[in-house]
file final-v8.csv (CSV, C-alpha atoms)
chain,number,residue,atom,x,y,z
G,1,MET,CA,0.0,0.0,0.0
G,2,LEU,CA,2.9,2.3,0.5
G,3,ALA,CA,4.2,1.8,-3.0
G,4,GLY,CA,3.7,4.6,-5.5
G,5,PRO,CA,1.7,4.3,-8.7
G,6,LYS,CA,3.3,1.9,-11.3
G,7,PRO,CA,4.8,3.9,-14.2
G,8,ARG,CA,3.4,3.3,-17.6
G,9,VAL,CA,5.8,1.7,-20.1
G,10,ILE,CA,5.1,2.1,-23.8
G,11,THR,CA,7.5,0.2,-26.1
G,12,PHE,CA,7.7,1.3,-29.8
G,13,LEU,CA,8.9,-0.8,-32.6
G,14,SER,CA,9.2,1.1,-35.9
G,15,ALA,CA,8.8,0.0,-39.5
G,16,ALA,CA,9.3,3.6,-40.6
G,17,SER,CA,12.6,5.4,-41.5
G,18,GLY,CA,15.0,6.3,-38.7
G,19,GLU,CA,14.3,10.0,-39.2
G,20,GLU,CA,10.5,9.5,-39.0
G,21,LYS,CA,10.9,7.3,-35.9
G,22,ASN,CA,13.1,9.8,-34.2
G,23,ALA,CA,10.7,12.7,-35.0
G,24,MET,CA,7.8,10.7,-33.6
G,25,LEU,CA,9.5,9.8,-30.4
G,26,VAL,CA,10.8,13.3,-29.7
G,27,ASN,CA,7.5,15.0,-30.4
G,28,LEU,CA,5.4,12.5,-28.5
G,29,GLY,CA,7.7,12.8,-25.5
G,30,ALA,CA,7.6,16.6,-25.7
G,31,SER,CA,3.8,16.6,-26.1
G,32,MET,CA,3.3,14.4,-23.0
G,33,ALA,CA,5.7,16.6,-21.1
G,34,GLN,CA,3.7,19.6,-22.0
G,35,GLY,CA,0.7,17.8,-20.6
G,36,GLY,CA,2.3,17.8,-17.2
G,37,ARG,CA,3.9,14.3,-17.2
G,38,ASP,CA,7.5,13.3,-16.3
G,39,VAL,CA,8.5,11.5,-19.4
G,40,LEU,CA,11.6,9.3,-20.0
G,41,LEU,CA,12.7,8.2,-23.4
G,42,LEU,CA,14.8,5.0,-23.2
G,43,ASP,CA,17.0,4.1,-26.2
G,44,ALA,CA,16.9,0.3,-26.1
G,45,CYS,CA,18.0,-0.3,-29.7
G,46,LEU,CA,20.5,-3.1,-30.3
G,47,ALA,CA,21.9,-2.7,-33.8
G,48,SER,CA,20.5,0.4,-35.4
G,49,GLU,CA,20.9,4.0,-34.3
G,50,GLY,CA,18.4,4.8,-31.5
G,51,VAL,CA,16.9,8.0,-30.4
G,52,SER,CA,19.8,8.9,-28.1
G,53,THR,CA,22.4,8.6,-30.9
G,54,ARG,CA,20.3,10.6,-33.3
G,55,MET,CA,19.9,13.3,-30.7
G,56,ASN,CA,23.7,13.3,-30.1
G,57,VAL,CA,23.3,12.4,-26.4
G,58,SER,CA,26.6,11.0,-25.5
G,59,ARG,CA,26.8,12.0,-21.8
G,60,GLY,CA,25.3,9.9,-19.0
G,61,SER,CA,25.8,6.3,-17.9
G,62,THR,CA,24.1,3.5,-19.7
G,63,LEU,CA,21.9,0.8,-18.2
G,64,LEU,CA,24.4,-1.8,-19.4
G,65,GLN,CA,27.1,-0.1,-17.3
G,66,VAL,CA,24.8,-0.1,-14.3
G,67,ALA,CA,24.0,-3.8,-14.8
G,68,ARG,CA,27.8,-4.5,-14.8
G,69,ARG,CA,28.2,-2.3,-11.7
G,70,GLU,CA,30.5,0.1,-13.5
G,71,ARG,CA,28.4,3.2,-13.0
G,72,PRO,CA,25.6,4.4,-10.7
G,73,LEU,CA,22.0,4.5,-11.8
G,74,ASP,CA,21.7,8.2,-10.8
G,75,ASP,CA,23.9,9.1,-13.8
G,76,VAL,CA,21.7,7.4,-16.4
G,77,MET,CA,19.0,10.0,-17.0
G,78,VAL,CA,19.8,13.2,-19.0
G,79,SER,CA,17.4,16.1,-19.1
G,80,MET,CA,16.6,17.5,-22.6
G,81,PRO,CA,15.5,21.0,-23.6
G,82,GLN,CA,12.3,19.4,-25.2
G,83,GLY,CA,11.0,18.8,-21.7
G,84,PHE,CA,11.7,15.1,-21.2
G,85,SER,CA,14.6,13.0,-20.0
G,86,ILE,CA,16.5,10.5,-22.1
G,87,ALA,CA,18.5,7.4,-21.2
G,88,ALA,CA,20.3,4.6,-23.1
G,89,LEU,CA,20.6,0.9,-22.8
G,90,LYS,CA,24.1,1.1,-24.3
G,91,ARG,CA,26.3,3.2,-26.6
G,92,ASN,CA,27.0,2.1,-30.2
G,93,THR,CA,30.5,1.0,-29.2
G,94,GLN,CA,29.2,-1.2,-26.4
G,95,ARG,CA,28.5,-4.9,-27.2
G,96,LEU,CA,25.4,-6.3,-25.5
G,97,GLU,CA,27.0,-9.5,-24.2
G,98,ILE,CA,25.8,-10.2,-20.7
G,99,ASN,CA,25.6,-13.2,-18.4
G,100,ALA,CA,22.6,-14.3,-16.4
G,101,GLU,CA,23.6,-12.1,-13.4
G,102,GLN,CA,24.0,-9.0,-15.5
G,103,SER,CA,20.7,-9.7,-17.2
G,104,ARG,CA,19.0,-9.7,-13.9
G,105,GLY,CA,20.8,-6.5,-13.0
G,106,LEU,CA,19.6,-4.9,-16.3
G,107,HIS,CA,16.1,-5.9,-15.5
G,108,ASP,CA,16.3,-4.6,-11.9
G,109,ALA,CA,18.0,-1.3,-13.1
G,110,PHE,CA,15.2,-0.7,-15.6
G,111,ASP,CA,12.5,-1.3,-13.0
G,112,VAL,CA,14.0,1.2,-10.6
G,113,LEU,CA,14.7,3.7,-13.4
G,114,ALA,CA,11.1,3.5,-14.6
G,115,THR,CA,9.8,4.6,-11.2
G,116,ARG,CA,11.5,8.0,-11.7
G,117,ALA,CA,9.0,8.9,-14.5
G,118,ASP,CA,5.3,8.9,-15.0
G,119,ILE,CA,5.6,7.5,-18.5
G,120,VAL,CA,8.5,5.6,-20.1
G,121,VAL,CA,8.7,5.6,-23.9
G,122,VAL,CA,11.0,2.9,-25.2
G,123,ASP,CA,12.7,3.0,-28.6
G,124,ALA,CA,13.2,-0.7,-29.1
G,125,GLU,CA,14.0,-3.4,-31.7
G,126,LEU,CA,13.7,-7.1,-31.5
G,127,ASP,CA,16.8,-9.3,-31.0
G,128,LYS,CA,17.7,-12.4,-33.0
G,129,GLU,CA,15.4,-14.5,-30.8
G,130,ASP,CA,12.5,-12.0,-31.4
G,131,GLY,CA,12.7,-10.8,-27.8
G,132,PHE,CA,13.6,-7.6,-26.0
G,133,PRO,CA,16.9,-7.1,-24.1
G,134,ILE,CA,14.8,-6.1,-21.1
G,135,SER,CA,12.3,-8.8,-20.4
G,136,SER,CA,9.8,-6.6,-18.5
G,137,LEU,CA,9.1,-4.6,-21.7
G,138,THR,CA,6.7,-7.3,-22.7
G,139,ASP,CA,4.5,-6.4,-19.7
G,140,GLY,CA,3.6,-2.9,-21.0
G,141,ASP,CA,2.0,-1.6,-24.2
G,142,ILE,CA,3.7,-2.4,-27.5
G,143,VAL,CA,3.1,0.0,-30.4
G,144,VAL,CA,4.2,-0.7,-33.9
G,145,GLN,CA,4.9,2.4,-36.0
G,146,VAL,CA,4.2,2.1,-39.7
G,147,SER,CA,4.2,4.6,-42.6
G,148,ASN,CA,2.0,4.7,-45.7
G,149,SER,CA,4.3,2.6,-48.0
G,150,PRO,CA,4.1,-1.0,-49.1
G,151,ALA,CA,7.6,-1.7,-47.7
G,152,SER,CA,6.8,-0.3,-44.3
G,153,ILE,CA,3.5,-2.1,-44.1
G,154,LYS,CA,5.2,-5.4,-45.0
G,155,GLU,CA,7.8,-4.8,-42.3
G,156,ALA,CA,5.3,-3.8,-39.7
G,157,TYR,CA,3.3,-7.0,-40.4
G,158,ALA,CA,6.5,-9.0,-40.1
G,159,ILE,CA,7.2,-7.4,-36.7
G,160,ILE,CA,3.8,-8.3,-35.4
G,161,LYS,CA,4.2,-11.8,-36.7
G,162,ARG,CA,7.5,-12.2,-34.9
G,163,LEU,CA,6.0,-10.8,-31.7
G,164,ASN,CA,3.1,-13.1,-31.9
G,165,GLY,CA,5.4,-16.1,-32.4
G,166,LYS,CA,7.4,-15.1,-29.4
G,167,LEU,CA,4.8,-13.8,-26.9
G,168,GLY,CA,1.7,-15.7,-28.0
G,169,ARG,CA,-1.7,-14.2,-28.6
G,170,ARG,CA,-2.0,-10.7,-27.2
G,171,PRO,CA,-3.2,-7.4,-28.7
G,172,PHE,CA,-0.8,-4.9,-30.3
G,173,ASN,CA,-1.2,-1.2,-31.1
G,174,LEU,CA,-0.6,0.5,-34.5
G,175,LEU,CA,0.5,4.1,-35.1
G,176,VAL,CA,0.5,5.3,-38.7
G,177,THR,CA,2.8,8.3,-39.4
G,178,GLY,CA,3.4,10.3,-42.6
G,179,ALA,CA,-0.2,9.7,-43.8
G,180,SER,CA,-3.5,11.6,-43.9
G,181,GLU,CA,-6.3,10.5,-41.6
G,182,LYS,CA,-8.0,8.8,-44.5
G,183,GLU,CA,-4.9,7.0,-45.7
G,184,ALA,CA,-4.1,5.9,-42.1
G,185,LYS,CA,-7.5,4.4,-41.7
G,186,VAL,CA,-7.0,2.3,-44.8
G,187,VAL,CA,-3.6,1.1,-43.6
G,188,TYR,CA,-5.0,0.2,-40.2
G,189,GLN,CA,-8.1,-1.6,-41.5
G,190,ASN,CA,-6.1,-3.7,-43.9
G,191,MET,CA,-3.4,-4.7,-41.4
G,192,ALA,CA,-6.0,-5.4,-38.7
G,193,GLN,CA,-8.0,-7.7,-41.1
G,194,VAL,CA,-4.9,-9.6,-42.2
G,195,ALA,CA,-3.5,-10.0,-38.7
G,196,ASN,CA,-6.9,-11.2,-37.4
G,197,ARG,CA,-7.3,-13.7,-40.3
G,198,TYR,CA,-3.8,-15.2,-40.4
G,199,LEU,CA,-2.5,-14.7,-36.9
G,200,ALA,CA,-5.7,-14.4,-34.8
G,201,VAL,CA,-4.2,-11.2,-33.4
G,202,ARG,CA,-6.1,-8.1,-32.5
G,203,ILE,CA,-4.6,-4.8,-33.6
G,204,ASN,CA,-5.8,-1.5,-32.0
G,205,SER,CA,-5.3,1.9,-33.6
G,206,VAL,CA,-3.7,4.6,-31.4
G,207,GLY,CA,-4.0,7.2,-34.1
G,208,SER,CA,-2.0,8.8,-36.9
G,209,VAL,CA,0.3,11.7,-37.6
G,210,PRO,CA,0.3,13.4,-41.0
G,211,ALA,CA,3.3,14.3,-43.0
G,212,ASP,CA,4.2,17.9,-42.2
G,213,GLU,CA,7.2,19.9,-43.2
G,214,HIS,CA,7.0,21.8,-39.9
G,215,THR,CA,8.2,18.6,-38.2
G,216,LYS,CA,11.4,18.5,-40.2
G,217,ARG,CA,11.9,22.3,-39.7
G,218,ALA,CA,11.5,21.9,-36.0
G,219,MET,CA,13.9,19.0,-35.8
G,220,HIS,CA,16.6,21.0,-37.6
G,221,LEU,CA,16.1,23.7,-35.0
G,222,GLY,CA,16.6,21.2,-32.3
G,223,ARG,CA,13.1,21.7,-31.0
G,224,ALA,CA,9.8,19.8,-30.9
G,225,VAL,CA,7.2,20.7,-33.5
G,226,VAL,CA,4.6,21.2,-30.8
G,227,ASP,CA,6.8,23.9,-29.3
G,228,ALA,CA,8.2,25.6,-32.5
G,229,PHE,CA,5.0,25.4,-34.6
G,230,PRO,CA,2.1,24.7,-32.2
G,231,LEU,CA,-0.6,25.2,-34.8
G,232,ALA,CA,0.9,22.9,-37.4
G,233,GLY,CA,-1.1,19.8,-38.4
G,234,ALA,CA,1.5,17.5,-36.9
G,235,SER,CA,1.4,19.4,-33.6
G,236,VAL,CA,-2.3,18.9,-33.3
G,237,ALA,CA,-1.9,15.2,-34.1
G,238,PHE,CA,0.9,14.7,-31.5
G,239,ARG,CA,-1.1,16.5,-28.8
G,240,GLN,CA,-4.1,14.2,-29.5
G,241,LEU,CA,-1.8,11.2,-29.4
G,242,ALA,CA,-0.2,12.3,-26.2
G,243,GLU,CA,-3.6,12.9,-24.6
G,244,ARG,CA,-4.6,9.3,-25.4
G,245,PHE,CA,-1.6,7.9,-23.6
G,246,VAL,CA,-1.8,10.4,-20.7
G,247,VAL,CA,-5.5,9.6,-20.1
G,248,ALA,CA,-4.7,5.8,-20.3
G,249,GLU,CA,-1.8,6.3,-17.9
G,250,ALA,CA,-4.1,8.2,-15.4
G,251,ALA,CA,-6.6,5.4,-15.6
G,252,ILE,CA,-4.0,2.9,-14.7
G,253,ALA,CA,-2.6,5.0,-11.9
G,254,GLY,CA,-6.2,5.5,-10.6

call {"tool": "encode", "arguments": {"input": "final-v8.csv", "output": "structure tokens"}}
result
Amino acid sequence: MLAGPKPRVITFLSAASGEEKNAMLVNLGASMAQGGRDVLLLDACLASEGVSTRMNVSRGSTLLQVARRERPLDDVMVSMPQGFSIAALKRNTQRLEINAEQSRGLHDAFDVLATRADIVVVDAELDKEDGFPISSLTDGDIVVQVSNSPASIKEAYAIIKRLNGKLGRRPFNLLVTGASEKEAKVVYQNMAQVANRYLAVRINSVGSVPADEHTKRAMHLGRAVVDAFPLAGASVAFRQLAERFVVAEAAIAG
């Protein structure tokens, strides 16, 4: 009874370009922070460049260093001007080769780190065994980002299929970016029908974000679009998306 509310963990797997994924994570994090939440972005990518690398965040300890008892957990979180904090599982130069004891340490470090934020947004990718480097990520929401292109749709479906094979039957969430509301609806409906027919998997839509040049302009300025261009179409979409996650987080905490 004395424990605080459990933080909400939202793990994103992207079938969009690295630039589009980074813009989505940064602007979603900034939008939720503007809504009054303490937000942590965790870069848990294994092979590709994650959000911390793309934002040139090289300071701070990593969770891998904490798991190996090389650095303290207090040094992991780095405050960003966009209003959220960011942390990294590892740096690009670090190899993720850990033994069973370090794996438990990684799990424990993440669980403690997560309590220091209201919402944890994870930039993740699947490993060779179709799992996550931090096992507890499967306990939270999993969102697959997809853009409006045949290649991205095919990759997003492959991600869902891999997750289904690893985790068994469970619902997944879909976020469509770089598409109009009408286009996003078609993408979602088609993917939901195929996943239900061939995998018996339910896919929920969490919304969409349109293509908007203001997003790129804001990123070049080192700012979030919701801050630099608050009336842009993408800003409206990100605020709506953030509100959905914040409302769900409040319901869980309540």

call {"tool": "closest_residue", "arguments": {"input": "final-v8.csv", "among": "G:Leu167, G:Met32, G:Cys45, G:Val9", "to": "Gly131 in chain G", "atoms": "only C-alpha atoms"}}
result
G:Leu167

call {"tool": "atom_distance", "arguments": {"input": "final-v8.csv", "atom1": "CA of Thr115 in chain G", "atom2": "CA of Ser58 in chain G"}}
result
23.0 Å

call {"tool": "residues_around", "arguments": {"input": "final-v8.csv", "residues": "Leu106 in chain G", "least_positions_apart": "5", "cutoff": "8 Å", "atoms": "only C-alpha atoms", "output": "count of residues only"}}
result
5

call {"tool": "closest_residue", "arguments": {"input": "final-v8.csv", "among": "G:Ser52, G:Asn190, G:Val121, G:Phe172", "to": "Lys154 in chain G", "atoms": "all atoms listed in the file"}}
result
G:Asn190

call {"tool": "closest_residue", "arguments": {"input": "final-v8.csv", "among": "G:Met80, G:Leu41, G:Ala195, G:Ile119", "to": "Phe245 in chain G", "atoms": "all atoms listed in the file"}}
result
G:Ile119

call {"tool": "residues_near_point", "arguments": {"input": "final-v8.csv", "point": "(8.5, 14.9, -17.2)", "cutoff": "10 Å", "atoms": "only C-alpha atoms", "output": "PyMOL selection string"}}
result
chain G and resi 29-30+32-40+79+82-85+116-120

call {"tool": "atom_distance", "arguments": {"input": "final-v8.csv", "atom1": "CA of Gly207 in chain G", "atom2": "CA of Glu155 in chain G"}}
result
18.7 Å

call {"tool": "closest_residue", "arguments": {"input": "final-v8.csv", "among": "G:Ser61, G:Thr215, G:Ser136, G:Ser152", "to": "Val26 in chain G", "atoms": "all atoms listed in the file"}}
result
G:Thr215

call {"tool": "atom_distance", "arguments": {"input": "final-v8.csv", "atom1": "CA of Arg239 in chain G", "atom2": "CA of Ser31 in chain G"}}
result
5.6 Å

call {"tool": "closest_residue", "arguments": {"input": "final-v8.csv", "among": "G:Ala158, G:Ala211, G:Val122, G:Leu137", "to": "Ala237 in chain G", "atoms": "all atoms listed in the file"}}
result
G:Ala211

call {"tool": "residues_near_point", "arguments": {"input": "final-v8.csv", "point": "(20.2, 9.1, -31.1)", "cutoff": "12 Å", "atoms": "all atoms listed in the file", "output": "PDB file with C-alpha atoms, in the coordinates of the input"}}
result
ATOM      1  CA  GLY G  18      15.000   6.300 -38.700  1.00  0.00           C
ATOM      2  CA  GLU G  19      14.300  10.000 -39.200  1.00  0.00           C
ATOM      3  CA  LYS G  21      10.900   7.300 -35.900  1.00  0.00           C
ATOM      4  CA  ASN G  22      13.100   9.800 -34.200  1.00  0.00           C
ATOM      5  CA  ALA G  23      10.700  12.700 -35.000  1.00  0.00           C
ATOM      6  CA  LEU G  25       9.500   9.800 -30.400  1.00  0.00           C
ATOM      7  CA  VAL G  26      10.800  13.300 -29.700  1.00  0.00           C
ATOM      8  CA  LEU G  41      12.700   8.200 -23.400  1.00  0.00           C
ATOM      9  CA  LEU G  42      14.800   5.000 -23.200  1.00  0.00           C
ATOM     10  CA  ASP G  43      17.000   4.100 -26.200  1.00  0.00           C
ATOM     11  CA  ALA G  44      16.900   0.300 -26.100  1.00  0.00           C
ATOM     12  CA  CYS G  45      18.000  -0.300 -29.700  1.00  0.00           C
ATOM     13  CA  SER G  48      20.500   0.400 -35.400  1.00  0.00           C
ATOM     14  CA  GLU G  49      20.900   4.000 -34.300  1.00  0.00           C
ATOM     15  CA  GLY G  50      18.400   4.800 -31.500  1.00  0.00           C
ATOM     16  CA  VAL G  51      16.900   8.000 -30.400  1.00  0.00           C
ATOM     17  CA  SER G  52      19.800   8.900 -28.100  1.00  0.00           C
ATOM     18  CA  THR G  53      22.400   8.600 -30.900  1.00  0.00           C
ATOM     19  CA  ARG G  54      20.300  10.600 -33.300  1.00  0.00           C
ATOM     20  CA  MET G  55      19.900  13.300 -30.700  1.00  0.00           C
ATOM     21  CA  ASN G  56      23.700  13.300 -30.100  1.00  0.00           C
ATOM     22  CA  VAL G  57      23.300  12.400 -26.400  1.00  0.00           C
ATOM     23  CA  SER G  58      26.600  11.000 -25.500  1.00  0.00           C
ATOM     24  CA  ARG G  59      26.800  12.000 -21.800  1.00  0.00           C
ATOM     25  CA  ILE G  86      16.500  10.500 -22.100  1.00  0.00           C
ATOM     26  CA  ALA G  87      18.500   7.400 -21.200  1.00  0.00           C
ATOM     27  CA  ALA G  88      20.300   4.600 -23.100  1.00  0.00           C
ATOM     28  CA  LEU G  89      20.600   0.900 -22.800  1.00  0.00           C
ATOM     29  CA  LYS G  90      24.100   1.100 -24.300  1.00  0.00           C
ATOM     30  CA  ARG G  91      26.300   3.200 -26.600  1.00  0.00           C
ATOM     31  CA  ASN G  92      27.000   2.100 -30.200  1.00  0.00           C
ATOM     32  CA  ASP G 123      12.700   3.000 -28.600  1.00  0.00           C
TER      33      ASP G 123
END

call {"tool": "closest_residue", "arguments": {"input": "final-v8.csv", "among": "G:Thr62, G:Ala192, G:Ala47, G:Ile10", "to": "Ile142 in chain G", "atoms": "all atoms listed in the file"}}
result
G:Ile10
